[in-house]
Every structure is written in C-alpha cells, then in structure tokens.
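Peer 1: Handing you this structure, nothing more for now.
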Amino acid sequence: MSADGTSTLTAPSLAPGGNHVVLEARNIVKELGHGARKTRALKGVSLTLNAGELTLLMGPSGSGKTTLLSILGCILTPTEGTLTIASHPTAGLSPEALAGLRRRHVGFIFQSYNLFPTLTAEENVRIALDVRGERGSDAVVRAQRALQQVGLRHKLRSYPANLSGGEQQRVAVARALVGAPSVMLADEPTAALDSENGVAVMQLLSEIAKDASRAVLAVTHDPRTIPFANRVLRIEDGLIVGEERRAEGVETVHQLARNRKRKANA
Amino acid sequence: MTFTLAFRNLFHDRIRLAVTMVGILFSIVLVAVQLGLYLGARNIIVAMIERSEGDLWVMAYGTKNFEEGQPINARERFTALSVPGVAKAVPLIVSFTDWRKPSGGSTLVVVIGSDAEDGGLRPWNVVEGDVSGLGARDAVIIDKTYLTDLGVSSVGDTAQIGASRVRISGFTDGIRSFTVSPYVFTTTNRARSLLDMPADMITYVLVKLEPGADPEAVRNLLREKVPDSEVLTKAEFRDRSLNHWLFATGAGVALIGGAILGLVVGTVIVAQTLYSSTKDHINEFATLRALGSSSGYIHRVILAQAALSAVLGYALGMVIALTVVYLSERTALPIVMTPSLAALLLALTVAMCAVSALSAIGKVMRIDPAVVFNR
C-alpha cells in the first residue's frame with residue numbers, strides 16, 4: 001500500500017483462456033462472530049475472475065456465497081488471505097480506501113435492487129457517477145446512455161415505485177454499469193424476478209460480460225441462470241468444491257434469446 | 001445529487017417534515033422572543049443614559065442604576081464646573097414617588113427633573129404638547145404607553161404627586177421604564193417640590209466635556225474635587241445599570257436561559273427527527289456506501305438535509321417571530337428584532353441543525369454496508 005492509503009498496482013496476469021484476470025482471491029478465510037459463537041464462513045477460498053466472462057457462484061444457503069461476494073466487493077475484509085482487484089491489492093487498506101476501490105472498480109447489483117425510492121431512474125443511475133465526483137451534463141448523458149443500454153431509455157423520469165421488478169433490476173444493472181467497473185458483482189440478480197424478467201436480466205449480464213475489460217460474477221442458486229454463464233463455481237460449506245467451464249454457454253444464451261423472440265412474435 | 005437526495009429525503013415523509021418544522025419553529029420563536037425581550041429590556045434600561053448629554057455622571061457612591069440614584073449635594077455641580085475640560089454641568093433629579101390617579105388609587109412613578117434650557121435630559125418623541133410646555137405651572141410630560149396605569153387620557157388631565165397637583169402638558173411615545181414605573185418628566189424645581197427634596201440636593205450632575213477634552217483625565221480631576229461622590233463615564237454607568245437590572249436581578253439570566261432552553265429543545269426535536277429519518281433511509285445510505293461513496297459524501301447528504309430544514313424552519317419561524325414582535329410594539333416591554341438578531345438567529349438555527357445532524361451521522365457511520373445483501 002502506498003503512503004496515501006491507496007493500493008499499489010501489480011501486473012495483471014492472464015487466465016488460462018487468454019483473458020486477463022481482473023480479480024484474484026487467494027486462500028480467503030472469513031471468521032464471523034466472537035468467542036464461542038465464532039464461525040468460519042469461508043475456509044480458504046481461491047478464485048479468479050477473468051475479463052470477458054460471466055461467472056456464476058452457486059451453492060446452498062449458508063454455504064458462504066454472500067460472504068464471499070461481500071469480500072470480493074471490498075465490503076467485508078477477509079480474516080486471512082489476499083484479494084487483488086484490477087491489479088490493486090486490498091490488504092491493509094482503510095475502509096475509505098476500500099470504498100475508493102469499490103467506487104472505481106466494482107459495480108454491484110443487489111437482489112432487492114436497492115434503488116433510491118425518491119430518485120428517478122436516471123438519477124438512480126447518475127448517483128453512481130456522483131459518488132465518483134462525476135457530475136454535470138456529461139454525467140446525465142452517460143446515465144441516459146446506460147439506461148438505453150438496458151432498454152429503459154423511455155423510463156428516465158420514472159420512479160422505482162412506477163417500474164416493474166424487471167425494470168427496477170435493469171435500472172440497478174445500468175447503475176452498476178455506468179461507472180465502467182472492472183468487476184460487476186450480482187447478488188441473486190434473478191431471485192426477485194419472474195422467469196421472463198430473470199432471463200432478460202441474465203441475458204443482459206451475459207452481454208455486459210462480453211466486454212473484454214470486465215468480469216461479471218453472479219451469486220445465485222437459480223439453475224435457470226446456468227446457460228448464460230461461461231463458468232460456474234460451486235461453493236459448499238465455505239469452500240469452492242467445483243468449477244465447470246461452459247464453452248458453449250454463449251451459444252446457448254443466443255439460442256435462448258432467439259427462442260424467446262420467436263415465442264414473443266408467435 | 002447530495003442536495004437532491006437530501007431534499008427528496010426531507011420531503012418524502014411530510015409528517016416527519018412537519019414535526020421537524022414544528023421543532024425548529026418552536027425553537028426560533030422562543031429564542032427570538034427571549035433574545036428580543038433581552039434586547040428590548042437593554043434598550044429601555046440604557047435609554048435615559050444614552051439620551052442624556054452627560055459625558056460623565058456624578059452620583060452618590062454605590063448607585064446601582066439610573067432610577068435608584070440617591071441625593072448628593074447640589075454644590076458638586078459647581079465644583080464640577082471648576083474642573084478644566086468641563087463645558088457644562090447640569091443638575092438632574094430622579095426619584096421614585098407615588099402618583100395618585102384622579103379616579104383614586106396610586107401607582108409608583110419615576111420623576112425626572114431636568115431643565116430643558118440646560119439640555120441635560122429632555123423628553124424625546126414628544127407626540128402631543130411641547131417640551132417648552134413644562135414651563136407652565138404644575139406641568140409634567142408622561143408617555144402614552146402608561147395612560148391607563150396613570151389614570152389619565154389626554155393633555156390637560158390632572159393627577160397628584162405627594163400633596164401637589166400635576167397637569168399633563170404633553171405625551172411622549174415609546175419612552176418605557178424597565179421598572180414598569182412610568183417616567184414623569186418635569187423641571188428640576190418642580191421635581192424637588194414634588195419629591196420634597198431639599199433645595200441643596202440633586203440626584204446627578206451630568207457633565208458635558210469641552211470638545212477634545214480627555215474624558216479619563218477630566219474624570220480623574222473630578223474625582224479629586226468631589227471625593228464624596230462617584231464619577232462614572234456614560235459607558236460605565238450604562239454597563240452598571242445593565243448589570244444591575246439584567247444580571248443582579250436575574251431578569252436577563254432568565255431571558256437568556258429561556259433562549260438557551262429554546263435552543264436545547266429545538267436541537268433535541270430536530271436531532272430526533274433527523275435521526276429517525278436517517279434510520280428510515282439507512283438502507284439507502286448503506287447502498288451509497290456499497291457504491292463506494294466516501295464518508296464525506298454521506299455526511300454532506302445529512303448536513304444538506306439539516307441545512308434545508310434550518311433554512312425552511314428559519315423562514316417560517318421568522319414570520320411568526322416578526323408577527324409577535326409587531327404585536328408587542330405597544331406593550332410596556334416591546335420585543336426587538338434587529339438585522340443582527342435576525343442574522344444571529346439564522347446562524348443559531350443552522351448550528352442547531354448541524355449539531356442535530358451529529359447523531360444521524362453517527363448512526364450512518366456505524367452502518368455495515370453488508371446489510372445491502374440482507375434485504
């Protein structure tokens with residue numbers, strides 16, 4: 001860590017597939033609680049997230065998915081282990097420096113959308129730029145462009161209460177996307193959505209993951225999301241117990257999208 | 001966006017906004033009234049001293065205030081005149097006495113005896129009659145504020161002081177007494193007669209200095225010449241009177257205490273509503289934190305909310321405070337509102353809301369951003 005509290009850069013490594021690694025976690029251990037109630041939620045998790053990939057993290061309730069997501073998003077700090085995001089090691093960073101790292105490199109999508117009910121869709125997206133100090137007409141244009149990207153250009157002035165669940169989640173995706181983060185972390189992005197909206201959101205995430213500078217990780221227990229993934233990690237009892245690489249994943253997504261369109265036209 | 005978010009958070013819950021406004025209104029009006037009364041009392045207490053032409057005041061030792069002066073020898077006036085640097089030395093008689101109303105009953109008044117031609121302490125704001133009318137037999141001038149208290153209603157009405165009859169020759173407007181005993185202006189001779197004061201006694205000597213004379217040097221010379229009396233500058237006598245009426249009697253302490261109480265109550269109400277508003281929006285603040293906002297960003301949202309409440313509450317509070325000020329204009333102790341008091345109230349309101357925001361900021365700083373995953 002440098003004297004000003006920000007992390008120093010390390011050289012980006014390449015993933016086996018040739019894409020560069022934007023997030024690397026090594027031997028992450030997380031203990032929760034104190035004294036006799038102390039539990040090990042994560043018991044030495046190592047993983048990498050590669051640019052241009054949509055990775056799913058799947059596992060049963062209580063397996064440590066959300067705890068791992070919180071650590072990967074610099075919201076929680078690991079008890080042991082190291083984390084590097086966009087070549088920035090996070091070890092020893094203060095909460096403010098971690099917030100700065102989140103601001104610059106991490107985009108979040110939450111299960112319950114976590115939109116600001118008093119702000120319009122455009123403002124909800126723009127606030128992600130505002131916290132980065134990006135304001136003015138340029139920020140407005142970028143927020144509108146992000147909403148256009150998720151197909152909500154016509155809902156700029158709508159408040160969350162006037163949007164459907166799927167639309168709210170798409171606003172949340174636009175908010176995560178607008179800052180052009182290196183890593184997008186989604187917590188159960190389809191859990192609160194019906195099948196149709198769930199597919200639409202996963203389709204969106206898989207499109208976003210095609211950006212060669214960005215990795216997307218979605219925590220989920222929804223098997224409908226698997227076809228959209230390039231990679232599936234399975235976590236159980238605080239340990240990664242399996243990894244499945246799905247080379248045909250992208251094709252499957254396109255096929256699904258085509259099927260949906262056909263069904264809609266019919 | 002911080003301002004937008006603060007504004008929307010504030011106006012999102014109208015009931016909470018109303019409670020916040022009531023808290024600020026209550027506080028501002030209470031503080032405005034208390035401090036306005038304090039300023040009003042201050043103005044009344046120093047009015048006679050400020051209006052006099054005396055640069056130095058010669059008085060009995062230990063005189064606590066203008067109204068409670070004790071007799072001194074009239075010779076002191078001539079002694080004062082012999083001091084280099086003294087241009088004029090004017091006698092002034094001031095004393096409490098009973099005023100008997102024409103319809104029966106009596107009330108305590110403060111008789112002020114001063115000769116208009118000497119220019120020591122003349123009645124001002126004369127709205128009926130004339131100061132020169134004091135030359136007429138039995139003539140006195142009183143203030144319109146006290147007509148009911150004194151049992152008279154118009155120029156020419158008579159009443160009685162001691163065994164002597166007095167006739168109203170004029171009215172002033174706005175010369176009020178902090179003691180609630182009305183002032184009765186008359187000449188020195190008539191004052192002596194009304195108060196049964198010996199001819200060789202007076203209450204004060206008002207000393208007017210020659211242009212360019214050093215007040216401190218003249219005061220020191222004068223002190224040597226009148227060792228049986230006390231010599232104060234106008235400012236010293238003003239401060240002594242203020243200290244006596246406002247602090248020795250506890251009146252000022254009560255007024256300032258009331259103002260402080262208003263601030264405390266206002267702070268508590270605003271703090272409570274801001275805290276509960278922050279608590280209601282805690283998930284939004286946690287989301288902001290998860291989005292990577294700095295602590296400063298979140299502080300700015302809460303402080304903007306506090307500042308908005310302050311400005312809105314101040315504007316509404318001042319409307320009520322100014323109405324109260326207007327309604328008190330004709331009373332014996334009018335509430336005063338000056339531009340500096342208005343500015344002070346704004347500063348106090350903003351400070352009160354900023355202090356109130358501390359509890360909310362403390363709450364937000366304890367947020368675990370991980371709650372965003374648990375909703």
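Convention: chains lettered A, B, ... in structure tokens order; per-chain residue numbering from 1; ligands numbered from 1 as shown.
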Residues of chain B within 7 Å of chain A, counting only C-alpha atoms - could you list those as a list in words?
Peer 2: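 That gives the following set of residues: Met1, Arg8, Asn9, His12, Glu284, Thr287, Ala290, Leu291, Gly292, Ser293, Ser294, Tyr297, Pro369, Ala370, Phe373 and Arg375 of chain B.
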Peer 1: Could you give me the residues within region 2-243 of chain A that DSSP places in alpha helix (DSSP H), as a PyMOL selection string?
Peer 2: chain A and resi 65-72+95-105+121-130+137-149+165-178+195-208
Peer 1: Near region 232-245 of chain B, counting only C-alpha atoms, which residues have an atom at most 8 Å away, once you skip same-chain residues fewer than 4 positions from it, shown as JSON, numbers by chain?
Peer 2: {"B": [42, 45, 46, 49, 50, 54, 55, 56, 57, 58, 64, 65, 66, 215, 219, 249, 250, 251, 252]}
Peer 1: Export N, CA and C atoms of the chosen residues as a PDB file, in the first residue's frame?
Peer 2:
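Result went into out.pdb, see below:
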```pdb
ATOM      1  N   ARG B  42     -32.793  45.823  27.322  1.00  0.00           N
ATOM      2  CA  ARG B  42     -31.495  46.513  27.285  1.00  0.00           C
ATOM      3  C   ARG B  42     -31.688  47.948  26.779  1.00  0.00           C
ATOM      4  N   ILE B  45     -33.418  50.031  29.427  1.00  0.00           N
ATOM      5  CA  ILE B  45     -32.568  50.309  30.593  1.00  0.00           C
ATOM      6  C   ILE B  45     -31.564  51.433  30.291  1.00  0.00           C
ATOM      7  N   VAL B  46     -31.020  51.413  29.089  1.00  0.00           N
ATOM      8  CA  VAL B  46     -29.966  52.400  28.791  1.00  0.00           C
ATOM      9  C   VAL B  46     -30.497  53.662  28.131  1.00  0.00           C
ATOM     10  N   ILE B  49     -29.793  57.047  29.896  1.00  0.00           N
ATOM     11  CA  ILE B  49     -28.359  57.364  29.956  1.00  0.00           C
ATOM     12  C   ILE B  49     -27.848  57.731  28.561  1.00  0.00           C
ATOM     13  N   GLU B  50     -28.294  56.967  27.570  1.00  0.00           N
ATOM     14  CA  GLU B  50     -27.853  57.231  26.197  1.00  0.00           C
ATOM     15  C   GLU B  50     -28.384  58.574  25.694  1.00  0.00           C
ATOM     16  N   GLY B  54     -24.772  63.988  29.098  1.00  0.00           N
ATOM     17  CA  GLY B  54     -23.635  63.890  30.020  1.00  0.00           C
ATOM     18  C   GLY B  54     -22.573  62.921  29.530  1.00  0.00           C
ATOM     19  N   ASP B  55     -21.324  63.434  29.418  1.00  0.00           N
ATOM     20  CA  ASP B  55     -20.216  62.527  29.101  1.00  0.00           C
ATOM     21  C   ASP B  55     -19.767  61.829  30.382  1.00  0.00           C
ATOM     22  N   LEU B  56     -19.899  62.547  31.488  1.00  0.00           N
ATOM     23  CA  LEU B  56     -19.574  61.979  32.800  1.00  0.00           C
ATOM     24  C   LEU B  56     -20.781  62.165  33.706  1.00  0.00           C
ATOM     25  N   TRP B  57     -20.970  61.219  34.621  1.00  0.00           N
ATOM     26  CA  TRP B  57     -22.088  61.300  35.561  1.00  0.00           C
ATOM     27  C   TRP B  57     -21.509  61.352  36.980  1.00  0.00           C
ATOM     28  N   VAL B  58     -21.920  62.374  37.734  1.00  0.00           N
ATOM     29  CA  VAL B  58     -21.527  62.449  39.147  1.00  0.00           C
ATOM     30  C   VAL B  58     -22.729  61.979  39.957  1.00  0.00           C
ATOM     31  N   LYS B  64     -26.754  52.044  41.822  1.00  0.00           N
ATOM     32  CA  LYS B  64     -26.757  50.812  41.023  1.00  0.00           C
ATOM     33  C   LYS B  64     -27.319  51.007  39.623  1.00  0.00           C
ATOM     34  N   ASN B  65     -28.215  51.991  39.518  1.00  0.00           N
ATOM     35  CA  ASN B  65     -28.834  52.199  38.209  1.00  0.00           C
ATOM     36  C   ASN B  65     -29.442  53.588  38.168  1.00  0.00           C
ATOM     37  N   PHE B  66     -29.929  53.951  36.991  1.00  0.00           N
ATOM     38  CA  PHE B  66     -30.442  55.302  36.774  1.00  0.00           C
ATOM     39  C   PHE B  66     -31.598  55.640  37.719  1.00  0.00           C
ATOM     40  N   PRO B 215     -11.783  62.397  28.391  1.00  0.00           N
ATOM     41  CA  PRO B 215     -12.751  62.041  29.441  1.00  0.00           C
ATOM     42  C   PRO B 215     -12.078  61.418  30.666  1.00  0.00           C
ATOM     43  N   ARG B 219     -12.169  63.010  34.280  1.00  0.00           N
ATOM     44  CA  ARG B 219     -12.804  62.191  35.311  1.00  0.00           C
ATOM     45  C   ARG B 219     -11.892  62.084  36.534  1.00  0.00           C
ATOM     46  N   THR B 249     -30.524  41.207  39.176  1.00  0.00           N
ATOM     47  CA  THR B 249     -31.917  40.841  39.496  1.00  0.00           C
ATOM     48  C   THR B 249     -32.290  39.478  38.916  1.00  0.00           C
ATOM     49  N   GLY B 250     -31.470  38.973  37.991  1.00  0.00           N
ATOM     50  CA  GLY B 250     -31.757  37.662  37.389  1.00  0.00           C
ATOM     51  C   GLY B 250     -32.667  37.734  36.187  1.00  0.00           C
ATOM     52  N   ALA B 251     -33.159  38.956  35.865  1.00  0.00           N
ATOM     53  CA  ALA B 251     -34.095  39.072  34.735  1.00  0.00           C
ATOM     54  C   ALA B 251     -33.431  38.665  33.424  1.00  0.00           C
ATOM     55  N   GLY B 252     -32.220  39.166  33.209  1.00  0.00           N
ATOM     56  CA  GLY B 252     -31.510  38.853  31.967  1.00  0.00           C
ATOM     57  C   GLY B 252     -31.142  37.388  31.895  1.00  0.00           C
TER      58      GLY B 252
END
```
Peer 1: As a PDB file with C-alpha atoms, in the first residue's frame, please: the residues near Ile335 (chain B) (cut-off 7 Å, only C-alpha atoms, same-chain neighbours under 3 positions excluded).
Peer 2:
```pdb
ATOM      1  CA  VAL B  33     -38.838  36.261  21.781  1.00  0.00           C
ATOM      2  CA  GLY B  36     -35.843  40.153  21.543  1.00  0.00           C
ATOM      3  CA  LEU B  37     -37.099  40.789  25.070  1.00  0.00           C
ATOM      4  CA  GLY B  40     -35.841  45.397  24.323  1.00  0.00           C
ATOM      5  CA  VAL B 325     -42.630  41.482  17.515  1.00  0.00           C
ATOM      6  CA  SER B 328     -45.604  43.559  21.223  1.00  0.00           C
ATOM      7  CA  GLU B 329     -44.836  47.016  19.860  1.00  0.00           C
TER       8      GLU B 329
END
```
Peer 1: Please determine, counting only C-alpha atoms, which residue among B:Phe185, B:Phe26, B:Tyr314, B:Trp124 has the shortest atom-to-atom distance to Ala342 (chain B).
Peer 2: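 Going through B:Phe185, B:Phe26, B:Tyr314, B:Trp124 one by one, the smallest distance to Ala342 (chain B) is for B:Tyr314.
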Peer 1: Nearest to Pro123 (chain B) among B:Leu81, B:Pro71, B:Tyr183, B:Ala136, with distances taken over only C-alpha atoms: which residue is it?
Peer 2: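 The answer is B:Tyr183, which sits nearest to Pro123 (chain B).
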Peer 1: Residues of region 99-262 of chain A in strand (DSSP E) according to DSSP, as a PyMOL selection string?
Peer 2: chain A and resi 106-109+183-187+215-220+231-236+239-245
Peer 1: Find the spatial neighbours of region 259-269 of chain B, counting only C-alpha atoms, within a cut-off of 9 Å - ignore same-chain residues fewer than 5 positions away - and output them as a PDB file with N, CA and C atoms, in the first residue's frame.
Peer 2:
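Output file around09.pdb follows:
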```
ATOM      1  N   VAL B  19     -43.057  17.658  11.731  1.00  0.00           N
ATOM      2  CA  VAL B  19     -42.541  17.588  13.109  1.00  0.00           C
ATOM      3  C   VAL B  19     -41.217  18.358  13.207  1.00  0.00           C
ATOM      4  N   THR B  20     -40.365  18.189  12.206  1.00  0.00           N
ATOM      5  CA  THR B  20     -39.089  18.912  12.202  1.00  0.00           C
ATOM      6  C   THR B  20     -39.344  20.413  12.186  1.00  0.00           C
ATOM      7  N   VAL B  22     -41.980  22.022  13.164  1.00  0.00           N
ATOM      8  CA  VAL B  22     -42.546  22.475  14.444  1.00  0.00           C
ATOM      9  C   VAL B  22     -41.411  22.663  15.455  1.00  0.00           C
ATOM     10  N   GLY B  23     -40.471  21.711  15.481  1.00  0.00           N
ATOM     11  CA  GLY B  23     -39.333  21.803  16.397  1.00  0.00           C
ATOM     12  C   GLY B  23     -38.525  23.053  16.149  1.00  0.00           C
ATOM     13  N   ILE B  24     -38.237  23.305  14.875  1.00  0.00           N
ATOM     14  CA  ILE B  24     -37.416  24.484  14.551  1.00  0.00           C
ATOM     15  C   ILE B  24     -38.208  25.758  14.822  1.00  0.00           C
ATOM     16  N   LEU B  25     -39.494  25.749  14.423  1.00  0.00           N
ATOM     17  CA  LEU B  25     -40.346  26.928  14.650  1.00  0.00           C
ATOM     18  C   LEU B  25     -40.395  27.273  16.130  1.00  0.00           C
ATOM     19  N   PHE B  26     -40.677  26.239  16.929  1.00  0.00           N
ATOM     20  CA  PHE B  26     -40.770  26.438  18.377  1.00  0.00           C
ATOM     21  C   PHE B  26     -39.472  27.061  18.889  1.00  0.00           C
ATOM     22  N   SER B  27     -38.378  26.490  18.453  1.00  0.00           N
ATOM     23  CA  SER B  27     -37.079  26.947  18.918  1.00  0.00           C
ATOM     24  C   SER B  27     -36.809  28.383  18.489  1.00  0.00           C
ATOM     25  N   ILE B  28     -37.040  28.665  17.203  1.00  0.00           N
ATOM     26  CA  ILE B  28     -36.734  30.010  16.689  1.00  0.00           C
ATOM     27  C   ILE B  28     -37.615  31.056  17.353  1.00  0.00           C
ATOM     28  N   VAL B  29     -38.897  30.757  17.463  1.00  0.00           N
ATOM     29  CA  VAL B  29     -39.799  31.750  18.048  1.00  0.00           C
ATOM     30  C   VAL B  29     -39.431  31.988  19.516  1.00  0.00           C
ATOM     31  N   LEU B  30     -39.148  30.900  20.234  1.00  0.00           N
ATOM     32  CA  LEU B  30     -38.777  31.054  21.646  1.00  0.00           C
ATOM     33  C   LEU B  30     -37.487  31.858  21.787  1.00  0.00           C
ATOM     34  N   VAL B  31     -36.491  31.501  20.991  1.00  0.00           N
ATOM     35  CA  VAL B  31     -35.211  32.212  21.076  1.00  0.00           C
ATOM     36  C   VAL B  31     -35.390  33.668  20.638  1.00  0.00           C
ATOM     37  N   ALA B  32     -36.159  33.885  19.559  1.00  0.00           N
ATOM     38  CA  ALA B  32     -36.381  35.253  19.066  1.00  0.00           C
ATOM     39  C   ALA B  32     -37.080  36.092  20.128  1.00  0.00           C
ATOM     40  N   VAL B  33     -38.093  35.512  20.765  1.00  0.00           N
ATOM     41  CA  VAL B  33     -38.838  36.261  21.781  1.00  0.00           C
ATOM     42  C   VAL B  33     -37.930  36.561  22.986  1.00  0.00           C
ATOM     43  N   GLN B  34     -37.206  35.533  23.430  1.00  0.00           N
ATOM     44  CA  GLN B  34     -36.359  35.725  24.613  1.00  0.00           C
ATOM     45  C   GLN B  34     -35.254  36.743  24.343  1.00  0.00           C
ATOM     46  N   LEU B  35     -34.558  36.565  23.208  1.00  0.00           N
ATOM     47  CA  LEU B  35     -33.471  37.496  22.900  1.00  0.00           C
ATOM     48  C   LEU B  35     -34.024  38.875  22.528  1.00  0.00           C
ATOM     49  N   ALA B 254     -32.756  34.999  33.216  1.00  0.00           N
ATOM     50  CA  ALA B 254     -33.970  34.238  32.883  1.00  0.00           C
ATOM     51  C   ALA B 254     -34.239  34.303  31.384  1.00  0.00           C
ATOM     52  N   LEU B 274     -34.251  14.022  12.573  1.00  0.00           N
ATOM     53  CA  LEU B 274     -33.200  13.705  11.595  1.00  0.00           C
ATOM     54  C   LEU B 274     -32.694  12.276  11.793  1.00  0.00           C
ATOM     55  N   LEU B 348     -27.738  30.558  14.546  1.00  0.00           N
ATOM     56  CA  LEU B 348     -28.080  29.606  15.615  1.00  0.00           C
ATOM     57  C   LEU B 348     -28.885  28.433  15.063  1.00  0.00           C
ATOM     58  N   THR B 349     -29.815  28.748  14.140  1.00  0.00           N
ATOM     59  CA  THR B 349     -30.657  27.688  13.576  1.00  0.00           C
ATOM     60  C   THR B 349     -29.809  26.699  12.779  1.00  0.00           C
ATOM     61  N   MET B 352     -27.760  24.765  15.185  1.00  0.00           N
ATOM     62  CA  MET B 352     -28.618  23.815  15.897  1.00  0.00           C
ATOM     63  C   MET B 352     -28.880  22.588  15.020  1.00  0.00           C
ATOM     64  N   CYS B 353     -29.177  22.836  13.736  1.00  0.00           N
ATOM     65  CA  CYS B 353     -29.463  21.715  12.840  1.00  0.00           C
ATOM     66  C   CYS B 353     -28.198  20.911  12.564  1.00  0.00           C
ATOM     67  N   VAL B 355     -25.667  20.526  14.652  1.00  0.00           N
ATOM     68  CA  VAL B 355     -25.422  19.714  15.855  1.00  0.00           C
ATOM     69  C   VAL B 355     -26.403  18.537  15.878  1.00  0.00           C
ATOM     70  N   SER B 356     -27.655  18.845  15.478  1.00  0.00           N
ATOM     71  CA  SER B 356     -28.677  17.792  15.452  1.00  0.00           C
ATOM     72  C   SER B 356     -28.296  16.675  14.492  1.00  0.00           C
TER      73      SER B 356
END
```
Peer 1: Taking 5 positions as the minimum chain separation for residues in the same chain, which residues sit within 9 Å of Glu244 (chain A) when counting only C-alpha atoms? Answer as a ChimeraX atom specification.
Peer 2: /A:230-234
Peer 1: Export, as a compact mmCIF listing (two decimals), in the first residue's frame, the selected residues with N, CA and C atoms.
Peer 2:
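Result file again.txt:
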```txt
# COMPACT_ATOMS: atom_id res chain seq x y z
N ASN A 230 -20.30 -18.46 -18.54
CA ASN A 230 -19.11 -19.03 -19.14
C ASN A 230 -18.47 -20.03 -18.18
N ARG A 231 -18.75 -19.80 -16.90
CA ARG A 231 -18.09 -20.62 -15.89
C ARG A 231 -19.02 -20.71 -14.68
N VAL A 232 -19.04 -21.83 -14.05
CA VAL A 232 -19.86 -21.99 -12.84
C VAL A 232 -18.95 -22.49 -11.72
N LEU A 233 -18.94 -21.76 -10.62
CA LEU A 233 -18.19 -22.19 -9.44
C LEU A 233 -19.19 -22.69 -8.42
N ARG A 234 -18.86 -23.79 -7.78
CA ARG A 234 -19.78 -24.31 -6.76
C ARG A 234 -19.10 -24.18 -5.40
```
Peer 1: Quick one: distance from CA of Arg289 (chain B) to CA of Arg26 (chain A) in Å, one decimal?
Peer 2: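 Between these atoms lies a distance of 25.1 Å.
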Peer 1: Excluding Arg224 (chain A) and its own-chain neighbours fewer than 6 positions away, which residues fall within 10 Å of it when counting only C-alpha atoms? Please give them as a short mmCIF file (atom, residue, chain, number, x, y, z; two decimals) with N, CA and C atoms, in the first residue's frame.
Peer 2:
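Ended up saving to around.cif:
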```cif
data_model
loop_
_atom_site.label_atom_id
_atom_site.label_comp_id
_atom_site.auth_asym_id
_atom_site.auth_seq_id
_atom_site.Cartn_x
_atom_site.Cartn_y
_atom_site.Cartn_z
N THR A 190 -31.67 -12.66 -10.05
CA THR A 190 -32.96 -13.08 -10.61
C THR A 190 -33.93 -13.56 -9.54
N SER A 195 -39.82 -15.58 -14.29
CA SER A 195 -38.97 -16.30 -15.23
C SER A 195 -38.54 -15.42 -16.40
N GLY A 198 -36.24 -12.71 -15.30
CA GLY A 198 -34.99 -13.33 -14.87
C GLY A 198 -34.10 -13.63 -16.08
N VAL A 199 -34.70 -14.17 -17.11
CA VAL A 199 -33.95 -14.49 -18.33
C VAL A 199 -33.42 -13.19 -18.96
N MET A 202 -30.45 -11.94 -17.02
CA MET A 202 -29.27 -12.76 -17.22
C MET A 202 -28.69 -12.55 -18.62
#
```
Peer 1: Interatomic distance between CA of Val125 (chain A) and CA of Ala286 (chain B)?
Peer 2: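 Going from CA of Val125 (chain A) over to CA of Ala286 (chain B) covers 16.1 Å.
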